[in-house]
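Student: Structure file target07.txt (compact mmCIF, C-alpha atoms) right here:
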```txt
# COMPACT_ATOMS: atom_id res chain seq x y z
CA ALA K 222 0.10 -22.71 -1.14
CA ALA K 223 -3.06 -20.75 -2.01
CA ALA K 224 -5.14 -23.18 0.04
CA ALA K 225 -2.83 -22.72 3.03
CA GLY K 226 -3.11 -18.96 2.65
CA ALA K 227 -6.89 -19.19 2.49
CA LEU K 228 -6.89 -21.32 5.65
CA VAL K 229 -4.69 -18.84 7.51
CA LEU K 230 -6.96 -15.98 6.38
CA ALA K 231 -10.07 -17.93 7.43
CA ALA K 232 -8.52 -18.58 10.85
CA ALA K 233 -7.76 -14.89 11.25
CA MET K 234 -11.32 -14.01 10.29
CA TRP K 235 -12.72 -16.59 12.69
CA ARG K 236 -10.54 -15.12 15.41
CA GLY K 237 -12.48 -11.88 15.04
CA GLY K 238 -10.90 -9.95 12.20
CA ALA K 239 -12.93 -7.56 10.08
CA TRP K 240 -13.80 -8.79 6.60
CA ARG K 241 -13.94 -5.48 4.75
CA PRO K 242 -10.39 -4.21 5.37
CA LEU K 243 -8.85 -7.58 4.55
CA LEU K 244 -10.86 -7.99 1.38
CA GLY K 245 -10.00 -4.42 0.39
CA ARG K 246 -6.30 -5.20 0.76
CA LEU K 247 -6.70 -8.39 -1.23
CA LEU K 248 -8.50 -6.40 -3.92
CA ALA K 249 -5.55 -3.98 -4.06
CA VAL K 250 -3.15 -6.90 -4.53
CA ASN K 251 -5.32 -8.27 -7.30
CA GLY K 252 -5.34 -4.87 -8.99
CA PHE K 253 -1.61 -5.36 -9.46
CA VAL K 254 -2.24 -8.90 -10.69
CA ALA K 255 -4.79 -7.56 -13.19
CA MET K 256 -2.10 -5.28 -14.62
CA LEU K 257 0.08 -8.36 -15.12
CA TRP K 258 -2.74 -10.08 -16.99
CA LEU K 259 -3.13 -7.05 -19.25
CA THR K 260 0.54 -6.97 -20.22
CA LEU K 261 2.26 -10.31 -19.69
CA PRO K 262 0.39 -12.75 -22.01
CA TRP K 263 1.15 -10.73 -25.13
CA GLN K 264 4.15 -11.02 -27.42
CA PHE K 265 5.32 -9.24 -30.53
CA GLY K 266 5.68 -11.49 -33.54
CA ALA K 267 5.94 -11.24 -37.29
CA ASP K 268 2.14 -10.90 -37.50
CA GLY K 269 1.98 -8.19 -34.83
CA ILE K 270 0.81 -8.61 -31.28
CA ALA K 271 -0.45 -12.09 -30.41
CA ALA K 272 -1.44 -13.93 -27.26
CA SER K 273 1.21 -16.27 -25.90
CA ALA K 274 0.48 -19.53 -24.08
CA ALA K 275 3.73 -19.21 -22.16
CA GLY K 276 2.80 -15.68 -21.11
CA ARG K 277 -0.63 -16.82 -19.90
CA GLU K 278 0.95 -19.65 -17.92
CA LEU K 279 3.49 -17.30 -16.35
CA ALA K 280 0.73 -14.79 -15.49
CA LEU K 281 -1.28 -17.60 -13.88
CA GLN K 282 1.70 -18.75 -11.80
CA ILE K 283 2.44 -15.21 -10.66
CA SER K 284 -1.24 -14.66 -9.84
CA LEU K 285 -1.49 -17.80 -7.74
CA ARG K 286 1.76 -17.14 -5.89
CA THR K 287 0.91 -13.49 -5.28
CA ASN K 288 -2.50 -14.37 -3.89
CA ALA K 289 -1.05 -17.15 -1.73
CA ILE K 290 1.55 -14.79 -0.26
CA ALA K 291 -1.03 -12.05 0.22
CA LEU K 292 -3.47 -14.41 1.95
CA CYS K 293 -0.77 -15.70 4.28
CA CYS K 294 0.48 -12.22 5.12
CA LEU K 295 -3.01 -10.83 5.63
CA GLY K 296 -3.98 -13.78 7.79
CA LEU K 297 -0.85 -13.73 9.92
CA LEU K 298 -0.61 -9.96 10.29
CA SER K 299 -4.27 -9.18 10.87
CA GLY K 300 -4.88 -7.53 14.19
CA LEU K 301 -1.26 -6.43 14.64
CA ASP K 302 -0.32 -2.77 14.82
CA ALA K 303 2.87 -1.24 13.43
CA PHE K 304 4.74 -1.54 16.73
CA ALA K 305 3.92 -5.23 17.14
CA ILE K 306 5.11 -5.92 13.59
CA GLY K 307 8.37 -4.05 14.29
CA ARG K 308 8.94 -5.99 17.52
CA ALA K 309 8.19 -9.28 15.76
CA ALA K 310 10.60 -8.43 12.94
CA ALA K 311 13.32 -7.56 15.46
CA GLY K 312 12.62 -10.81 17.29
CA LEU K 313 13.06 -12.72 14.03
CA GLY K 314 16.55 -11.29 13.56
CA LEU K 315 15.98 -8.06 11.67
CA PRO K 316 18.63 -5.53 12.73
CA PRO K 317 17.29 -3.03 15.29
CA LYS K 318 17.74 -0.03 12.99
CA MET K 319 15.77 -1.76 10.24
CA ALA K 320 13.02 -2.73 12.69
CA ARG K 321 12.72 0.91 13.83
CA LEU K 322 12.65 2.06 10.23
CA LEU K 323 9.91 -0.47 9.45
CA THR K 324 7.86 0.68 12.43
CA LEU K 325 8.19 4.35 11.57
CA THR K 326 7.42 3.71 7.90
CA VAL K 327 4.20 1.86 8.66
CA ARG K 328 3.19 4.48 11.21
CA TYR K 329 3.72 7.42 8.90
CA PHE K 330 2.03 5.79 5.91
CA ASP K 331 -1.16 5.88 7.97
CA LEU K 332 -0.60 9.53 8.85
CA LEU K 333 0.07 10.38 5.21
CA ALA K 334 -3.15 8.62 4.19
CA ALA K 335 -5.05 10.67 6.79
CA SER K 336 -3.52 13.87 5.37
CA ARG K 337 -4.60 12.83 1.88
CA GLN K 338 -8.16 12.22 3.09
CA ARG K 339 -8.28 15.63 4.78
CA ILE K 340 -7.04 17.37 1.64
CA GLU K 341 -9.50 15.49 -0.59
CA ARG K 342 -12.35 16.36 1.78
CA ALA K 343 -11.33 20.02 1.59
CA MET K 344 -11.20 19.81 -2.20
CA GLN K 345 -14.72 18.37 -2.30
CA ALA K 346 -15.96 21.06 0.11
CA ARG K 347 -14.67 23.66 -2.35
CA GLY K 348 -16.61 22.03 -5.17
CA PHE K 349 -13.92 20.01 -6.93
CA ARG K 350 -15.35 17.19 -8.99
CA PRO K 351 -12.79 15.02 -10.82
CA GLY K 352 -13.17 14.49 -14.54
CA MET K 353 -11.12 13.47 -17.53
CA ASN K 354 -9.62 16.88 -18.25
CA ARG K 355 -6.48 18.96 -17.82
CA ARG K 356 -7.83 20.72 -14.72
CA THR K 357 -8.24 17.41 -12.87
CA LEU K 358 -4.68 16.39 -13.74
CA ARG K 359 -3.37 19.74 -12.50
CA VAL K 360 -5.34 19.52 -9.24
CA HIS K 361 -4.14 15.94 -8.63
CA ALA K 362 -0.55 17.01 -9.32
CA GLN K 363 -1.00 19.77 -6.74
CA LEU K 364 -2.43 17.19 -4.32
CA VAL K 365 0.67 15.00 -4.71
CA ALA K 366 2.96 18.01 -4.28
CA LEU K 367 1.09 19.08 -1.14
CA LEU K 368 1.33 15.55 0.27
CA LEU K 369 5.07 15.53 -0.35
CA VAL K 370 5.43 18.89 1.41
CA HIS K 371 3.34 17.60 4.34
CA ALA K 372 5.48 14.46 4.52
CA MET K 373 8.70 16.46 4.46
CA LEU K 374 7.52 18.82 7.20
CA ARG K 375 6.33 15.91 9.33
CA ALA K 376 9.65 14.11 8.85
CA GLU K 377 11.50 17.21 10.05
CA ARG K 378 9.27 17.51 13.12
CA VAL K 379 9.64 13.81 13.92
CA GLY K 380 13.43 14.05 13.53
CA LEU K 381 13.53 17.00 15.92
CA ALA K 382 11.29 15.18 18.41
CA LEU K 383 13.45 12.05 18.29
CA ARG K 384 16.65 14.04 18.79
CA ALA K 385 15.04 15.94 21.68
CA ARG K 386 14.33 12.58 23.33
CA GLY K 387 17.93 11.44 22.92
CA PHE K 388 17.41 9.08 19.97
CA ARG K 389 20.61 8.16 18.14
CA ALA K 390 20.43 6.50 14.72
```
Produce C-alpha cells that represent the structure in this file.
Tutor:
Amino acid sequence: AAAAGALVLAAAMWRGGAWRPLLGRLLAVNGFVAMLWLTLPWQFGADGIAASAAGRELALQISLRTNAIALCCLGLLSGLDAFAIGRAAAGLGLPPKMARLLTLTVRYFDLLAASRQRIERAMQARGFRPGMNRRTLRVHAQLVALLLVHAMLRAERVGLALRARGFRA
C-alpha cells in the first residue's frame, strides 16, 4: 500500500506538482506518527515502564498505513482546490449539504491560517520573541482567543452573505 501511495505521489509530482508543499504536509502527518512512537511502544509492568514488542509492531503498522493513506491522498488531491474537492465528493455520493460543508470548511481553514499569519507578523513587528516563559504562554493564549473571535465574526458575515443570496441550509 505504501508503494502504491508513493507511486501516486510520484505521478502527481511528475504531472507538475510542487515538492515543498507536499513534503511539508507529509512531514505534518509524520509529526503525528512520531507522537505515536513516543507513546505506543511502552507498557506499565511490575518493573515499571518497559518497551513492548507488541507496541512497537502496532506503532509500525499504524505508521505504514498512515503514510500510505497520506501519500495516496496527497497524490490524488494535489492540484485540486476546495471547490473541486467538494464537487468530487458530491459526485461520489456525499450528500449535498455535507459537500457544501466540506467546501466551506476547507475554504475557511485557509482564511483562518492567513489571519494567524497576519497576527503573528504584527506580533513580531511589535517586538514579540517567543521563549519558554509565562509571557509567551499568555501571548499565545491571546493569539488563539483572537483567532476564535476572528473566526466567529467571519462566520457571522458569511452566514449573512449566504442568506442575502438566498441560500437555504
Student: Using Å and a single decimal, report how far atom CA of K:His371 sits from atom CA of K:Arg347.
Tutor: 20.1 Å
Student: Which of these residues is nearest to K:Leu257, using all atoms listed in the file: K:Leu281, K:Ala343, K:Leu369, K:Leu243?
Tutor: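 Closest to K:Leu257, using all atoms listed in the file: K:Leu281.
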Student: So, with only C-alpha atoms as the atoms that count, which of K:Arg384, K:Arg241, K:Lys318, K:Arg246 lies closest to K:Ala291?
Tutor: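 Among the listed residues, K:Arg246 lies closest to K:Ala291.
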Student: Between atom CA of K:Thr324 and atom CA of K:Ile306, what is the spacing in Å?
Tutor: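 One can read the atom CA of K:Ile306 to atom CA of K:Thr324 distance as 7.2 Å.
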Student: What's the separation between atom CA of K:Cys294 and atom CA of K:Ala335, in Å to one decimal place?
Tutor: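 Spanning atom CA of K:Cys294 to atom CA of K:Ala335 is a straight-line distance of 23.6 Å.
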Student: Nearest to K:Leu285: which of K:Ala305, K:Met256, K:Val379, K:Ala224 is it, counting only C-alpha atoms?
Tutor: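 Answer, going by the shortest atom-to-atom distance: K:Ala224.
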Student: Which one of K:Ser273, K:Thr326, K:Ser299, K:Gln363 sits closest to K:Met344 if you count only C-alpha atoms?
Tutor: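 Among the listed residues, K:Gln363 lies closest to K:Met344.
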